[in-house]
>>> print(open('start-v5.txt').read())   # compact mmCIF, C-alpha atoms
# COMPACT_ATOMS: atom_id res chain seq x y z
CA MET L 1481 27.49 -5.78 26.98
CA LYS L 1482 29.96 -8.19 28.55
CA SER L 1483 27.79 -8.64 31.66
CA ILE L 1484 24.70 -9.20 29.49
CA LEU L 1485 26.47 -11.87 27.47
CA GLU L 1486 27.75 -13.57 30.62
CA ALA L 1487 24.23 -13.67 32.07
CA ILE L 1488 22.93 -15.27 28.87
CA GLU L 1489 25.72 -17.83 28.72
CA ASN L 1490 25.21 -18.70 32.41
CA ASN L 1491 21.41 -19.04 32.09
CA ALA L 1492 20.86 -16.40 34.76
CA ASP L 1493 17.43 -16.07 36.35
CA THR L 1494 14.90 -13.29 35.90
CA LYS L 1495 16.09 -11.39 38.95
CA ALA L 1496 19.68 -11.35 37.69
CA PHE L 1497 18.63 -10.12 34.25
CA ALA L 1498 16.44 -7.41 35.77
CA ALA L 1499 19.45 -6.19 37.76
CA LEU L 1500 21.73 -5.85 34.74
CA GLN L 1501 22.81 -2.35 33.76
CA ILE L 1502 21.56 -1.40 30.30
CA PRO L 1503 24.21 0.40 28.21
CA ASP L 1504 23.54 3.89 26.89
CA SER L 1505 24.47 2.83 23.35
CA TYR L 1506 24.96 -0.28 21.27
CA ARG L 1507 26.35 -1.49 17.95
CA ALA L 1508 23.99 -1.59 14.96
CA ALA L 1509 23.90 -1.97 11.18
CA VAL L 1510 22.40 1.21 9.76
CA VAL L 1511 21.78 3.19 6.63
CA ARG L 1512 22.04 6.96 6.91
CA LYS L 1513 19.52 9.55 5.83
CA GLU L 1514 22.27 11.68 4.31
CA ASP L 1515 23.04 8.84 1.88
CA GLN L 1516 19.53 8.50 0.38
CA GLU L 1517 20.59 9.83 -3.01
CA MET L 1518 23.94 8.04 -3.23
CA PHE L 1519 22.67 5.61 -5.88
CA ALA L 1520 20.78 8.19 -7.98
CA GLY L 1521 21.03 7.23 -11.63
CA VAL L 1522 22.53 3.81 -10.84
CA ALA L 1523 20.77 0.72 -12.18
CA SER L 1524 19.20 -1.41 -9.47
CA ALA L 1525 21.48 -4.36 -10.16
CA ASP L 1526 24.55 -2.17 -9.74
CA LYS L 1527 23.57 -0.66 -6.38
CA ASP L 1528 25.94 -2.01 -3.74
CA PRO L 1529 24.84 -2.50 -0.10
CA ARG L 1530 28.49 -2.67 0.91
CA LYS L 1531 28.70 1.06 0.21
CA SER L 1532 25.57 2.11 2.11
CA VAL L 1533 25.53 -0.14 5.19
CA HIS L 1534 27.47 1.16 8.19
CA ILE L 1535 28.19 -0.35 11.60
CA GLN L 1536 28.02 2.33 14.27
CA GLU L 1537 27.10 3.03 17.88
CA VAL L 1538 23.51 4.18 18.36
CA ALA L 1539 21.68 5.49 21.42
CA THR L 1540 19.61 3.01 23.43
CA PRO L 1541 15.97 4.16 23.24
CA GLU L 1542 13.50 4.17 26.10
CA ILE L 1543 10.89 1.46 25.79
CA ALA L 1544 7.15 2.12 25.64
CA PRO L 1545 4.73 0.35 28.05
CA ASP L 1546 3.89 -2.33 25.46
CA GLU L 1547 7.48 -2.97 24.35
CA ALA L 1548 10.49 -5.07 25.31
CA LEU L 1549 14.21 -4.40 25.06
CA ILE L 1550 16.03 -7.49 23.87
CA ALA L 1551 19.62 -8.61 23.56
CA VAL L 1552 19.94 -9.79 19.96
CA MET L 1553 22.10 -12.88 19.71
CA ALA L 1554 21.54 -13.34 15.98
CA SER L 1555 19.57 -11.90 13.08
CA SER L 1556 19.32 -12.53 9.34
CA ILE L 1557 19.22 -10.86 5.94
CA ASN L 1558 15.91 -10.52 4.13
CA PHE L 1559 15.10 -8.88 0.81
CA ASN L 1560 13.75 -5.90 2.72
CA THR L 1561 17.26 -5.44 4.18
CA VAL L 1562 18.49 -5.14 0.62
CA TRP L 1563 15.70 -2.70 -0.26
CA SER L 1564 16.60 -0.53 2.74
CA SER L 1565 20.28 -0.60 1.81
CA ILE L 1566 19.77 0.47 -1.80
CA PHE L 1567 16.91 2.90 -0.98
CA GLU L 1568 14.61 1.11 -3.41
CA PRO L 1569 11.76 1.05 -4.33
CA ILE L 1570 11.58 3.90 -1.82
CA SER L 1571 13.82 5.21 0.90
CA THR L 1572 12.65 3.73 4.20
CA PHE L 1573 13.24 7.11 5.86
CA SER L 1574 9.91 8.29 4.46
CA ALA L 1575 8.22 5.43 6.33
CA LEU L 1576 9.96 6.42 9.56
CA THR L 1577 8.78 10.01 9.15
CA ARG L 1578 5.17 8.87 8.68
CA LEU L 1579 5.38 6.58 11.70
CA ALA L 1580 6.68 9.46 13.85
CA ARG L 1581 3.43 11.39 13.33
CA GLU L 1582 1.32 8.77 15.11
CA SER L 1583 2.26 9.25 18.77
CA GLU L 1584 4.82 10.57 21.21
CA TRP L 1585 6.40 7.14 21.42
CA ALA L 1586 6.50 6.85 17.63
CA LYS L 1587 8.61 10.00 17.38
CA ARG L 1588 11.62 7.94 18.53
CA HIS L 1589 11.75 6.24 15.14
CA ASP L 1590 12.44 9.39 13.10
CA LEU L 1591 16.23 9.49 13.29
CA PRO L 1592 19.06 10.35 10.87
CA TYR L 1593 19.87 6.63 10.75
CA HIS L 1594 17.77 3.51 10.24
CA ILE L 1595 18.64 0.33 12.14
CA MET L 1596 17.67 -2.48 9.77
CA GLY L 1597 16.72 -6.10 10.29
CA SER L 1598 13.38 -7.93 10.45
CA ASP L 1599 14.46 -11.13 12.20
CA ALA L 1600 16.04 -11.83 15.58
CA SER L 1601 16.66 -14.41 18.25
CA GLY L 1602 17.79 -13.38 21.69
CA VAL L 1603 16.88 -12.73 25.30
CA VAL L 1604 14.47 -10.27 26.93
CA LEU L 1605 16.29 -7.66 29.06
CA ARG L 1606 13.49 -5.25 30.01
CA VAL L 1607 9.73 -5.14 29.57
CA GLY L 1608 7.36 -2.18 29.63
CA SER L 1609 4.78 -1.72 32.36
CA ALA L 1610 1.95 -3.14 30.21
CA VAL L 1611 3.76 -6.36 29.22
CA ARG L 1612 2.20 -9.43 30.86
CA ASN L 1613 3.43 -12.60 29.16
CA TRP L 1614 7.19 -12.01 29.00
CA LYS L 1615 9.90 -11.30 31.55
CA PRO L 1616 13.64 -10.58 31.63
CA GLY L 1617 15.64 -13.69 30.81
CA ASP L 1618 13.10 -15.24 28.43
CA ARG L 1619 14.72 -16.71 25.31
CA ILE L 1620 12.77 -15.53 22.31
CA THR L 1621 12.51 -15.13 18.58
CA VAL L 1622 10.87 -12.10 16.99
CA HIS L 1623 8.36 -11.86 14.18
CA CYS L 1624 8.21 -8.62 12.24
CA ASN L 1625 4.51 -7.64 12.30
CA HIS L 1626 4.49 -4.21 13.98
CA VAL L 1627 0.88 -3.30 14.73
CA ASP L 1628 -1.09 -1.11 17.11
CA ASP L 1629 -3.37 -3.41 19.09
CA GLN L 1630 -5.57 -0.42 20.04
CA ASP L 1631 -6.56 0.03 16.40
CA PRO L 1632 -9.90 -1.76 15.77
CA SER L 1633 -8.92 -2.46 12.15
CA SER L 1634 -6.27 -4.87 13.46
CA HIS L 1635 -8.50 -7.20 15.38
CA ASN L 1636 -9.90 -9.54 12.72
CA ASP L 1637 -6.58 -9.97 10.93
CA SER L 1638 -3.78 -7.68 12.09
CA MET L 1639 -2.23 -7.71 8.61
CA LEU L 1640 -5.26 -5.62 7.59
CA GLY L 1641 -4.51 -3.04 10.27
CA SER L 1642 -4.54 0.51 9.01
CA ASN L 1643 -1.10 1.15 10.50
CA GLN L 1644 0.43 -2.31 10.12
CA ARG L 1645 4.16 -2.14 9.42
CA ILE L 1646 7.16 -4.41 9.09
CA TRP L 1647 9.58 -3.99 11.99
CA GLY L 1648 13.11 -3.14 10.93
CA TYR L 1649 11.94 -2.06 7.48
CA GLU L 1650 9.11 0.42 8.08
CA THR L 1651 10.17 0.99 11.70
CA ASN L 1652 13.48 1.74 13.36
CA PHE L 1653 15.38 -0.30 15.98
CA GLY L 1654 15.56 -3.46 13.86
CA GLY L 1655 17.28 -6.75 14.58
CA LEU L 1656 20.67 -6.24 12.92
CA ALA L 1657 22.13 -4.91 16.14
CA ASP L 1658 23.27 -5.96 19.61
CA LEU L 1659 20.04 -4.66 21.16
CA SER L 1660 16.57 -4.04 19.77
CA VAL L 1661 13.19 -2.66 20.79
CA VAL L 1662 10.10 -4.68 19.82
CA LYS L 1663 6.44 -4.78 20.74
CA ALA L 1664 5.54 -7.51 23.20
CA ASN L 1665 3.18 -9.03 20.62
CA GLN L 1666 6.15 -9.69 18.35
CA LEU L 1667 7.75 -12.14 20.78
CA MET L 1668 7.65 -15.93 20.42
CA PRO L 1669 9.48 -18.72 22.28
CA LYS L 1670 12.88 -19.67 20.92
CA PRO L 1671 12.99 -23.31 19.71
CA GLU L 1672 15.16 -25.05 22.28
CA HIS L 1673 16.93 -27.40 19.86
CA LEU L 1674 18.26 -24.62 17.65
CA SER L 1675 21.31 -22.43 17.95
CA TRP L 1676 20.88 -18.66 18.03
CA GLU L 1677 21.64 -18.28 14.33
CA GLU L 1678 19.36 -21.19 13.35
CA ALA L 1679 16.53 -19.70 15.40
CA ALA L 1680 17.05 -16.23 13.94
CA VAL L 1681 16.46 -16.99 10.26
CA ASN L 1682 12.92 -18.38 10.41
CA ALA L 1683 10.29 -15.92 11.53
CA LEU L 1684 9.88 -13.65 8.52
CA CYS L 1685 10.14 -16.23 5.74
CA ASN L 1686 8.59 -19.17 7.59
CA SER L 1687 5.58 -17.11 8.69
CA THR L 1688 5.17 -15.66 5.20
CA SER L 1689 5.12 -19.12 3.65
CA TYR L 1690 2.69 -20.40 6.29
CA ARG L 1691 0.17 -17.65 5.55
CA MET L 1692 0.55 -17.99 1.78
CA LEU L 1693 0.04 -21.74 1.68
CA VAL L 1694 -1.53 -23.09 4.88
CA SER L 1695 -3.66 -20.32 6.36
CA PRO L 1696 -7.27 -19.67 5.30
CA ASN L 1697 -5.99 -16.16 4.56
CA GLY L 1698 -3.84 -17.64 1.80
CA ALA L 1699 -4.19 -20.61 -0.54
CA HIS L 1700 -5.43 -22.95 2.26
CA MET L 1701 -3.56 -25.94 0.83
CA LYS L 1702 -5.07 -29.40 1.32
CA GLN L 1703 -3.70 -32.90 0.99
CA GLY L 1704 -2.97 -33.91 -2.57
CA ASP L 1705 -2.64 -30.37 -3.91
CA VAL L 1706 -0.01 -29.91 -6.59
CA VAL L 1707 1.98 -26.78 -5.72
CA LEU L 1708 4.38 -25.03 -8.08
CA ILE L 1709 7.04 -23.25 -6.02
CA TRP L 1710 9.20 -20.63 -7.67
CA GLY L 1711 12.63 -20.26 -6.07
CA ALA L 1712 12.14 -23.46 -4.11
CA THR L 1713 15.52 -23.20 -2.37
CA GLY L 1714 15.26 -19.47 -1.65
CA GLY L 1715 14.21 -17.83 1.61
CA ILE L 1716 10.44 -18.29 1.44
CA GLY L 1717 10.46 -21.04 -1.18
CA ALA L 1718 12.45 -23.43 1.01
CA TYR L 1719 9.86 -23.16 3.79
CA ALA L 1720 7.03 -23.48 1.26
CA THR L 1721 8.58 -26.71 0.02
CA GLN L 1722 8.56 -28.10 3.57
CA TYR L 1723 4.92 -27.11 4.11
CA VAL L 1724 3.84 -28.88 0.93
CA LEU L 1725 5.75 -32.03 1.86
CA ASN L 1726 4.44 -31.97 5.44
CA GLY L 1727 0.87 -31.23 4.38
CA GLY L 1728 0.52 -34.14 1.99
CA GLY L 1729 0.89 -32.00 -1.12
CA ILE L 1730 2.95 -32.57 -4.25
CA PRO L 1731 5.66 -29.92 -4.65
CA ILE L 1732 7.11 -28.91 -7.99
CA GLY L 1733 10.27 -27.01 -7.15
CA VAL L 1734 11.59 -24.47 -9.64
CA VAL L 1735 15.29 -23.70 -9.19
CA SER L 1736 18.10 -22.15 -11.22
CA SER L 1737 20.94 -24.68 -10.97
CA ALA L 1738 21.78 -28.35 -10.62
CA ASP L 1739 23.21 -27.69 -7.13
CA LYS L 1740 19.91 -26.23 -5.97
CA ALA L 1741 18.05 -29.17 -7.50
CA GLU L 1742 20.24 -31.48 -5.43
CA ILE L 1743 19.21 -29.66 -2.24
CA LEU L 1744 15.56 -30.30 -3.11
CA ARG L 1745 16.22 -33.99 -3.70
CA GLY L 1746 17.81 -34.18 -0.26
CA MET L 1747 14.61 -32.71 1.19
CA GLY L 1748 12.49 -35.35 -0.55
CA VAL L 1749 11.23 -33.42 -3.59
CA GLU L 1750 10.81 -35.55 -6.70
CA ALA L 1751 9.40 -33.08 -9.25
CA ILE L 1752 12.04 -30.45 -10.02
CA ILE L 1753 12.41 -27.95 -12.86
CA ASP L 1754 15.76 -26.30 -13.50
CA ARG L 1755 14.58 -23.12 -15.23
CA ARG L 1756 18.09 -22.29 -16.43
CA ALA L 1757 18.48 -25.68 -18.09
CA GLY L 1758 14.97 -25.31 -19.53
CA ASN L 1759 15.92 -21.84 -20.84
CA TYR L 1760 12.35 -20.55 -20.59
CA GLN L 1761 11.92 -17.19 -22.33
CA PHE L 1762 8.56 -15.95 -21.12
CA TRP L 1763 9.20 -12.52 -22.66
CA LYS L 1764 10.14 -12.03 -26.32
CA ASP L 1765 11.31 -8.56 -25.44
CA GLU L 1766 10.69 -6.04 -22.67
CA ASN L 1767 7.06 -5.54 -23.69
CA THR L 1768 6.00 -8.78 -25.40
CA HIS L 1769 5.05 -12.09 -23.78
CA ASP L 1770 5.67 -15.44 -25.45
CA GLU L 1771 2.62 -17.63 -24.98
CA LYS L 1772 4.36 -20.60 -26.58
CA GLU L 1773 6.84 -20.58 -23.71
CA TRP L 1774 4.00 -20.60 -21.15
CA LYS L 1775 2.63 -23.68 -22.90
CA ARG L 1776 6.05 -25.35 -23.00
CA PHE L 1777 6.47 -24.71 -19.30
CA GLY L 1778 3.01 -26.10 -18.58
CA GLY L 1779 3.81 -29.17 -20.63
CA ASP L 1780 6.97 -29.79 -18.62
CA ILE L 1781 4.95 -29.55 -15.39
CA ARG L 1782 2.39 -32.08 -16.63
CA ALA L 1783 5.19 -34.40 -17.76
CA LEU L 1784 6.46 -34.45 -14.17
CA VAL L 1785 3.22 -34.81 -12.17
CA GLY L 1786 0.51 -35.55 -14.73
CA GLU L 1787 -1.61 -32.46 -14.08
CA ASP L 1788 -1.58 -28.67 -13.71
CA PRO L 1789 -0.80 -27.03 -10.35
CA ASP L 1790 -3.64 -26.43 -7.90
CA ILE L 1791 -1.56 -23.65 -6.35
CA VAL L 1792 1.24 -21.49 -7.68
CA PHE L 1793 3.54 -20.04 -5.01
CA GLU L 1794 4.45 -16.82 -6.84
CA HIS L 1795 6.96 -14.20 -5.74
CA PRO L 1796 9.41 -13.37 -8.58
CA GLY L 1797 6.81 -11.01 -10.06
CA ARG L 1798 7.08 -9.52 -13.52
CA SER L 1799 9.40 -12.13 -15.04
CA THR L 1800 7.18 -15.12 -14.18
CA PHE L 1801 3.72 -13.85 -13.30
CA ALA L 1802 2.00 -14.34 -16.67
CA ALA L 1803 3.38 -17.87 -16.89
CA SER L 1804 2.17 -18.59 -13.35
CA MET L 1805 -1.30 -17.35 -14.21
CA TYR L 1806 -1.36 -19.54 -17.32
CA VAL L 1807 -0.14 -22.83 -15.83
CA ALA L 1808 -2.41 -22.84 -12.76
CA LYS L 1809 -5.18 -25.43 -12.96
CA LYS L 1810 -8.72 -24.38 -13.87
CA GLY L 1811 -10.14 -23.10 -10.59
CA GLY L 1812 -6.63 -22.99 -9.14
CA THR L 1813 -5.02 -20.36 -6.95
CA ILE L 1814 -2.06 -18.07 -7.53
CA ALA L 1815 -0.75 -16.77 -4.21
CA THR L 1816 1.69 -13.88 -4.48
CA CYS L 1817 3.69 -12.08 -1.81
CA ALA L 1818 6.45 -10.19 -3.60
CA ALA L 1819 7.85 -9.02 -6.91
CA THR L 1820 11.61 -9.34 -6.81
CA SER L 1821 11.93 -9.05 -10.60
CA GLY L 1822 9.55 -6.11 -10.90
CA TYR L 1823 6.15 -5.21 -9.50
CA MET L 1824 4.36 -4.02 -12.67
CA MET L 1825 2.87 -7.34 -13.73
CA GLU L 1826 0.87 -8.29 -16.83
CA PHE L 1827 -1.03 -11.44 -17.70
CA ASP L 1828 -3.59 -12.70 -20.21
CA ASN L 1829 -6.90 -12.19 -18.45
CA ARG L 1830 -8.65 -14.80 -20.61
CA TYR L 1831 -6.78 -17.55 -18.78
CA PHE L 1832 -7.75 -15.97 -15.49
CA TRP L 1833 -11.44 -15.19 -15.79
CA MET L 1834 -12.55 -17.95 -18.20
CA ARG L 1835 -10.76 -20.61 -16.16
CA LEU L 1836 -12.10 -19.30 -12.86
CA LYS L 1837 -8.74 -18.93 -11.18
CA LYS L 1838 -8.10 -17.07 -7.93
CA LEU L 1839 -5.41 -14.51 -7.22
CA VAL L 1840 -4.52 -14.06 -3.55
CA GLY L 1841 -2.28 -11.29 -2.30
CA SER L 1842 -0.36 -12.24 0.81
CA HIS L 1843 1.87 -10.14 3.05
CA PHE L 1844 3.82 -11.59 6.00
CA ALA L 1845 1.50 -13.03 8.71
CA ASN L 1846 -0.55 -12.08 11.73
CA TYR L 1847 0.52 -13.00 15.27
CA ARG L 1848 -1.50 -16.22 15.34
CA GLU L 1849 -0.08 -17.38 12.01
CA ALA L 1850 3.49 -16.48 13.03
CA TRP L 1851 3.01 -18.29 16.35
CA GLU L 1852 1.70 -21.44 14.64
CA ALA L 1853 4.58 -21.37 12.15
CA ASN L 1854 7.05 -21.02 15.03
CA ARG L 1855 5.32 -23.89 16.87
CA LEU L 1856 6.09 -26.17 13.93
CA ILE L 1857 9.74 -25.13 14.14
CA GLN L 1858 9.68 -25.89 17.88
CA LYS L 1859 8.25 -29.36 17.20
CA GLY L 1860 10.94 -30.14 14.63
CA MET L 1861 8.41 -30.44 11.82
CA ILE L 1862 9.75 -27.45 9.88
CA HIS L 1863 13.49 -26.79 9.83
CA PRO L 1864 15.71 -23.73 9.40
CA VAL L 1865 17.09 -23.15 5.92
CA LEU L 1866 20.32 -21.53 7.06
CA SER L 1867 23.08 -21.63 4.45
CA GLN L 1868 25.76 -19.17 5.65
CA VAL L 1869 26.56 -17.14 8.74
CA PHE L 1870 28.16 -13.69 8.80
CA ASP L 1871 29.19 -11.40 11.64
CA LEU L 1872 27.30 -8.16 12.26
CA ASN L 1873 30.34 -6.24 10.98
CA GLN L 1874 29.83 -8.04 7.64
CA THR L 1875 26.19 -7.05 7.19
CA GLY L 1876 26.93 -5.15 3.97
CA ASP L 1877 28.65 -8.20 2.47
CA ALA L 1878 25.75 -10.44 3.52
CA ALA L 1879 23.18 -8.06 2.00
CA TYR L 1880 25.23 -7.93 -1.20
CA GLN L 1881 25.01 -11.73 -1.52
CA VAL L 1882 21.21 -11.62 -1.19
CA HIS L 1883 20.98 -8.70 -3.64
CA LYS L 1884 22.97 -10.65 -6.21
CA ASN L 1885 21.12 -13.94 -5.53
CA MET L 1886 24.40 -15.61 -4.63
CA HIS L 1887 22.84 -17.56 -1.76
CA GLU L 1888 20.46 -20.40 -1.03
CA GLY L 1889 18.01 -20.46 1.85
CA LYS L 1890 18.74 -17.80 4.47
CA ILE L 1891 21.88 -15.96 5.56
CA GLY L 1892 22.27 -15.62 9.33
CA VAL L 1893 24.08 -12.79 11.10
CA LEU L 1894 25.73 -13.15 14.51
CA CYS L 1895 25.09 -10.10 16.68
CA MET L 1896 25.92 -10.58 20.38
CA ALA L 1897 26.60 -14.29 19.93
CA PRO L 1898 30.40 -14.60 19.70
CA ARG L 1899 30.37 -17.78 17.62
CA GLU L 1900 28.11 -20.27 15.87
CA GLY L 1901 26.45 -23.19 17.62
CA MET L 1902 25.54 -21.43 20.87
CA GLY L 1903 22.10 -21.31 22.49
CA ILE L 1904 21.06 -24.97 22.14
CA SER L 1905 19.22 -25.86 25.36
CA ASN L 1906 17.69 -29.20 24.33
CA PRO L 1907 20.42 -31.28 22.65
CA GLU L 1908 18.41 -34.48 23.12
CA PHE L 1909 15.57 -33.20 20.95
CA ARG L 1910 18.08 -31.85 18.44
CA GLU L 1911 19.51 -35.35 18.10
CA LYS L 1912 16.01 -36.69 17.52
CA VAL L 1913 15.34 -34.06 14.82
CA GLY L 1914 18.68 -34.94 13.19
CA GLU L 1915 21.58 -32.79 12.06
CA LYS L 1916 20.93 -33.76 8.46
CA ASN L 1917 17.52 -32.08 8.53
CA LEU L 1918 19.06 -28.94 10.03
CA ARG L 1919 21.88 -28.71 7.51
CA HIS L 1920 20.29 -29.24 4.07
CA PHE L 1921 21.37 -25.74 3.07
CA ARG L 1922 24.75 -25.45 4.81
CA ARG L 1923 27.71 -25.00 2.51
CA SER L 1924 30.07 -26.79 4.87
>>> encode(input="start-v5.txt", output="C-alpha cells")
Amino acid sequence: MKSILEAIENNADTKAFAALQIPDSYRAAVVRKEDQEMFAGVASADKDPRKSVHIQEVATPEIAPDEALIAVMASSINFNTVWSSIFEPISTFSALTRLARESEWAKRHDLPYHIMGSDASGVVLRVGSAVRNWKPGDRITVHCNHVDDQDPSSHNDSMLGSNQRIWGYETNFGGLADLSVVKANQLMPKPEHLSWEEAAVNALCNSTSYRMLVSPNGAHMKQGDVVLIWGATGGIGAYATQYVLNGGGIPIGVVSSADKAEILRGMGVEAIIDRRAGNYQFWKDENTHDEKEWKRFGGDIRALVGEDPDIVFEHPGRSTFAASMYVAKKGGTIATCAATSGYMMEFDNRYFWMRLKKLVGSHFANYREAWEANRLIQKGMIHPVLSQVFDLNQTGDAAYQVHKNMHEGKIGVLCMAPREGMGISNPEFREKVGEKNLRHFRRS
C-alpha cells in the first residue's frame, strides 16, 4: 500500500502504475453475515451502526475482463450505508446471494462479509482485458450504477436493466475500503480542482438529483419552475437546490433548523421554510392525516413565492408524501426517489387525479446522466456539499451521524488518503471557482 500511495502522490505514469505489486489483502469497512440478526427486536431508530460496522483485512479479488481495480483515496456515507449497517429494510447479504447466481464472476460477491460504500474517488491500478477507455494511473470518481451491458434491457435506460444494482449496497467490494473493484462503465474523470474527499462525495447524490430534476427521465425542470425541495441541505437536497438555482428555477428549501436555513441563504436561496419552526403536523396520529395542515403548508409556500410548486422534490416518504401531493400545482410533478421516514405512503387521490398531477419514480441515474452530472462538477457549476470528514476507521461513527440525521450535506471518509486537502491538480481553477462555494457546508 505504501508504494501505491507514493506513486499516487508522485503522479507516476501509466507504466509505473502497471508495474506496482498489488497486495493480497486490504483494509475495508464491512458488516458480517453472522451479525444479521443482532438488531432483532430493536426499533430502527435505536439500531447502532457503531456496533455492526467492522474494519478488517479482506482478500483482494481477481478482476473480470470488464472491471477495474482502483485505489480508493476517499469515499462517503450514504443512506444505503446506514441500511446495510442496520440490516434494514433487508439484509444486503440476500442481494449478494442473488447476484452470485448470475455468473462465475458474480460468485465472488457471495462472501461472509459485505464491503460497503457507494461512492469513491481514487486512481486506477489495473484494468481487465476488455477495458478500452481507462488505464492504470487515471484519476477517477465512481458512480454506483452496476449493470450488465450485455443485457438488452439495459440499453435504452440502464436504470431499467433487469439486473441493475447499486454498487456497494447490492454488490460487494464497495468504496469504503483502501481498494475496490468496479465495472469500467462506472468510472468518470475526477474533477481536477477538488481534493480526494471533495471529489468522493458527489456521484451518488449529485447524479440522483440530476436525474430527478433535470433529466427527461425525471421532472425535466425548465426555467421559471417553482421547486419545493424537502431536506434542502441534506445529501440529495443540497445538489437539487444547486440545480434549481443554476437552471433558472425558483427553489423553496425546506429545512429543520435556523442553522440549515442560513446555509441556504449563503447559497442564494430566498424562499426557505423551517419545518420545525412551522411545527407542521401532517398526521393527527399514526393512521390519520390532517388536511388542514396540508393547506397551511401550501399557504406558507404561496406566501413566499406567490404560487404552488411546479415540482416537488420528494424523498422523506411517509411523513411528507401526502402533503407533497397536495401542494403541487395543478398539472405539476412529484418526483420521488426514497422514503427515509417510511415507504408505505398514503395520499388523497382526489388531489392527484382531478388536478392532473404526475408522479415520477426515480432511482439513481444511468451512465450518461451520471457523466453529465459529473461534468457540471468538473466545470465548477455544481459544488460538493461536504460537511465533515472521517477516517476509514471511524466509518461506524460516520454512519451513526447519518442514521441520526446529525449532519448536513455529505460526510466524507478518507481511505488511502492520509489527510484532507490532497489530490488537487488544478489550483488555478479552484481559485476561480472560489473556496466559499466549496465550503458552504463545512463546519470549520
>>> residues_near_point(input="start-v5.txt", point="(2.1, -18.6, -13.8)", cutoff="9 Å", atoms="all atoms listed in the file", output="list in words")
Leu1708, Trp1774, Gly1778, Val1792, Glu1794, Thr1800, Phe1801, Ala1802, Ala1803, Ser1804, Met1805, Tyr1806, Val1807, Ala1808, Ile1814 and Phe1827 of chain L
>>> residues_near_point(input="start-v5.txt", point="(23.6, -14.8, 14.9)", cutoff="7 Å", atoms="only C-alpha atoms", output="NGL selection string")
:L and (1553-1555 or 1676-1677 or 1680 or 1892-1895 or 1897)
>>> atom_distance(input="start-v5.txt", atom1="CA of Arg1835 in chain L", atom2="CA of Gly1811 in chain L")
6.1 Å
>>> closest_residue(input="start-v5.txt", among="L:Glu1489, L:Asp1546, L:Glu1650, L:Glu1584", to="Met1596 in chain L", atoms="only C-alpha atoms")
L:Glu1650
>>> residues_around(input="start-v5.txt", residues="range 1836-1838 of chain L", least_positions_apart="4", cutoff="6 Å", atoms="only C-alpha atoms", output="JSON, numbers by chain")
{"L": [1811, 1812, 1813, 1832]}
>>> closest_residue(input="start-v5.txt", among="L:Thr1688, L:Ser1556, L:Ser1483, L:Ser1598", to="Gln1874 in chain L", atoms="only C-alpha atoms")
L:Ser1556
>>> closest_atom_pairs(input="start-v5.txt", of="range 1592-1699 of chain L", to="range 1840-1864 of chain L", cutoff="12 Å", atoms="all atoms listed in the file", output="Markdown table")
| residue | atom | partner | partner_atom | distance |
| --- | --- | --- | --- | --- |
| L:Ser1598 | CA | L:Phe1844 | CA | 11.2 |
| L:Ile1620 | CA | L:Asn1854 | CA | 10.8 |
| L:Thr1621 | CA | L:Asn1854 | CA | 8.8 |
| L:Val1622 | CA | L:Ala1850 | CA | 9.5 |
| L:His1623 | CA | L:Ala1850 | CA | 6.8 |
| L:Cys1624 | CA | L:Phe1844 | CA | 8.2 |
| L:Asn1625 | CA | L:Asn1846 | CA | 6.8 |
| L:His1626 | CA | L:Asn1846 | CA | 9.6 |
| L:Val1627 | CA | L:Asn1846 | CA | 9.4 |
| L:Asp1629 | CA | L:Tyr1847 | CA | 11.0 |
| L:Ser1634 | CA | L:Asn1846 | CA | 9.4 |
| L:His1635 | CA | L:Asn1846 | CA | 10.0 |
| L:Asn1636 | CA | L:Asn1846 | CA | 9.7 |
| L:Asp1637 | CA | L:Asn1846 | CA | 6.4 |
| L:Ser1638 | CA | L:Asn1846 | CA | 5.5 |
| L:Met1639 | CA | L:Asn1846 | CA | 5.6 |
| L:Leu1640 | CA | L:Asn1846 | CA | 9.0 |
| L:Gly1641 | CA | L:Asn1846 | CA | 10.0 |
| L:Gln1644 | CA | L:Asn1846 | CA | 10.0 |
| L:Arg1645 | CA | L:Phe1844 | CA | 10.1 |
| L:Ile1646 | CA | L:Phe1844 | CA | 8.5 |
| L:Trp1647 | CA | L:Phe1844 | CA | 11.3 |
| L:Lys1663 | CA | L:Tyr1847 | CA | 11.5 |
| L:Ala1664 | CA | L:Tyr1847 | CA | 10.9 |
| L:Asn1665 | CA | L:Tyr1847 | CA | 7.2 |
| L:Gln1666 | CA | L:Tyr1847 | CA | 7.2 |
| L:Leu1667 | CA | L:Trp1851 | CA | 8.9 |
| L:Met1668 | CA | L:Trp1851 | CA | 6.6 |
| L:Pro1669 | CA | L:Asn1854 | CA | 8.0 |
| L:Lys1670 | CA | L:Gln1858 | CA | 7.6 |
| L:Pro1671 | CA | L:Gln1858 | CA | 4.6 |
| L:Glu1672 | CA | L:Gln1858 | CA | 7.1 |
| L:His1673 | CA | L:Gln1858 | CA | 7.7 |
| L:Leu1674 | CA | L:Gln1858 | CA | 8.7 |
| L:Ser1675 | CA | L:Pro1864 | CA | 10.3 |
| L:Trp1676 | CA | L:Pro1864 | CA | 11.3 |
| L:Glu1677 | CA | L:Pro1864 | CA | 9.4 |
| L:Glu1678 | CA | L:Pro1864 | CA | 5.9 |
| L:Ala1679 | CA | L:Pro1864 | CA | 7.3 |
| L:Ala1680 | CA | L:Pro1864 | CA | 8.9 |
| L:Val1681 | CA | L:Pro1864 | CA | 6.8 |
| L:Asn1682 | CA | L:Pro1864 | CA | 6.1 |
| L:Ala1683 | CA | L:Asn1854 | CA | 7.0 |
| L:Leu1684 | CA | L:Phe1844 | CA | 6.9 |
| L:Cys1685 | CA | L:Phe1844 | CA | 7.8 |
| L:Asn1686 | CA | L:Ala1853 | CA | 6.5 |
| L:Ser1687 | CA | L:Ala1850 | CA | 4.9 |
| L:Thr1688 | CA | L:Phe1844 | CA | 4.4 |
| L:Ser1689 | CA | L:Phe1844 | CA | 8.0 |
| L:Tyr1690 | CA | L:Ala1853 | CA | 6.2 |
| L:Arg1691 | CA | L:Ala1845 | CA | 5.8 |
| L:Met1692 | CA | L:Ser1842 | CA | 5.9 |
| L:Leu1693 | CA | L:Ser1842 | CA | 9.5 |
| L:Val1694 | CA | L:Glu1849 | CA | 9.2 |
| L:Ser1695 | CA | L:Glu1849 | CA | 7.3 |
| L:Pro1696 | CA | L:Glu1849 | CA | 10.1 |
| L:Asn1697 | CA | L:Ser1842 | CA | 7.8 |
| L:Gly1698 | CA | L:Val1840 | CA | 6.5 |
| L:Ala1699 | CA | L:Val1840 | CA | 7.2 |
